[in-house]
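Report on the following structure.
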Amino acid sequence: MTKNLLEADSVYLEYNTRTILSDVYVKAETGKVTGFLGRNGCGKSSLMRIIFGSLKGNFQSVRLNKQYQESLLMVPDAIRYLPQKTFIPKQLSIDEICLIFQVSFNSIIQELPVFEKYQHQKLATLSGGEIRLFEAIIILLSNVKFVILDEPFSHIMPLHVEKLKEVINREKHKKGIIITDHLYKHNMEVSDDLYLIREGKTFRINTHDDLVRHGYILE
């Protein structure tokens, strides 16, 4: 299988004269889960959106397999993004959504049989937690080079969190996965590479002690 490499380099982002990100470098690759850690408001979601292409920084260099990209979302089969909030129109049926995302309904119910009864129903008929789970799984199963997951474990029951982790661990062998979640222990559990975002900069995290040293967690 072809390996793919995604890099975001020299990222600088400013809002109303406040520096959010400065001189950031991160990389993700096929076969690995790359995790972002950081306190609320540190710029994790902004960095993900810059990588995806829905937000433009004051400066950035996003490269796919060493080739600079103006916006990855314009590159066919390059990337899919799960934002923090529900993003799929709720009036669409589950069938229609599968067609749009080119993910077979059978592949979804193989992972999560709970959705079988919803095949012909509108997304609006699902509970909030089920919608979050469905959006996460359809992004993860998409046939793209990279997926970005912003808070995928939020608002879903613990049993489904564990199932999502299983799918992430399988799917990483087909694509690169970037993930962040305020439930940082889940994030650390699934991540092969970790970056901490603090004071606008990124720091590679190799051990639990690194997080203590940077003041992210207590001893």
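So you can find residues: chains in the structure tokens are A, B, ... in the order shown, residues in each start at 1, and ligands are numbered from 1 in order.
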Would you pick out the contacts of region 118-126 of chain A at 9 Å or less, using only C-alpha atoms, so that residues sharing its chain but fewer than 3 positions from it are not included, and give the list as a ChimeraX atom specification? /A:88-97,105,114-115,129-131
Would you mind listing what lies within 7 Å of region 6-17 of chain A as number ranges by chain, with only C-alpha atoms counted and same-chain residues fewer than 5 positions away left out? A: 22-29, 51, 57-65
Show which residues sit within 10 Å of Ile137 (chain A), as a VMD selection string. Count only C-alpha atoms, and ignore same-chain residues fewer than 6 positions away. chain A and resid 82 103 107 to 108 111 to 112 131 152 163 to 164 167 to 168
What's around Phe101 (chain A) at 8 Å? Count only C-alpha atoms, leave out sequence neighbours fewer than 3 positions away in its own chain, and write the answer as a list in words. Ile97, Cys98, Ile138 and Ser142 of chain A
Using DSSP on the backbone coordinates, identify all residues within region 68-156 of chain A classified as helix (DSSP H, G or I); present the result as a ChimeraX atom specification. /A:72-74,94-101,105-111,113-118,123-125,128-140
Could you give me, as a ChimeraX atom specification, the residues within 9 Å of Arg80 (chain A), counting only C-alpha atoms and dropping anything in the same chain fewer than 4 positions from it? /A:52,73,139-140,142,144-149
Would you write out those residues with C-alpha atoms, as a compact mmCIF listing (two decimals), in the first residue's frame?
```
# COMPACT_ATOMS: atom_id res chain seq x y z
CA PHE A 52 -8.10 20.67 6.14
CA LEU A 73 -10.31 20.01 0.68
CA ILE A 139 -15.69 9.92 8.27
CA LEU A 140 -13.44 7.12 9.51
CA SER A 142 -14.25 7.18 3.99
CA VAL A 144 -9.43 9.08 1.59
CA LYS A 145 -5.75 9.50 2.43
CA PHE A 146 -6.31 11.33 5.72
CA VAL A 147 -9.10 11.97 8.21
CA ILE A 148 -9.26 14.62 10.92
CA LEU A 149 -11.38 13.94 14.01
```
Å distance separating CA of Gly43 (chain A) from CA of Glu199 (chain A), one decimal place: 9.0 Å
To one decimal place, how far is CA of Thr2 (chain A) from CA of Leu72 (chain A) in Å?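 So the two atoms, CA of Thr2 (chain A) and CA of Leu72 (chain A), lie 18.3 Å apart.
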Nearest candidate to Lys175 (chain A) (options A:Leu99, A:Cys42, A:Leu141, A:Leu37; using only C-alpha atoms):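 Of the candidates, the smallest distance to Lys175 (chain A) is held by A:Leu141.
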If we count only C-alpha atoms and set the cut-off at 10 Å, which residues sit around His182 (chain A), ignoring sequence neighbours fewer than 5 positions away in its own chain? Please answer as a count of residues only. 11
Taking the DSSP assignment computed from this structure's backbone, write out as a ChimeraX atom specification all residues of region 31-173 of chain A that belong to strand (DSSP E or B). /A:33-37,59-64,67-68,79-82,93,122,146-150
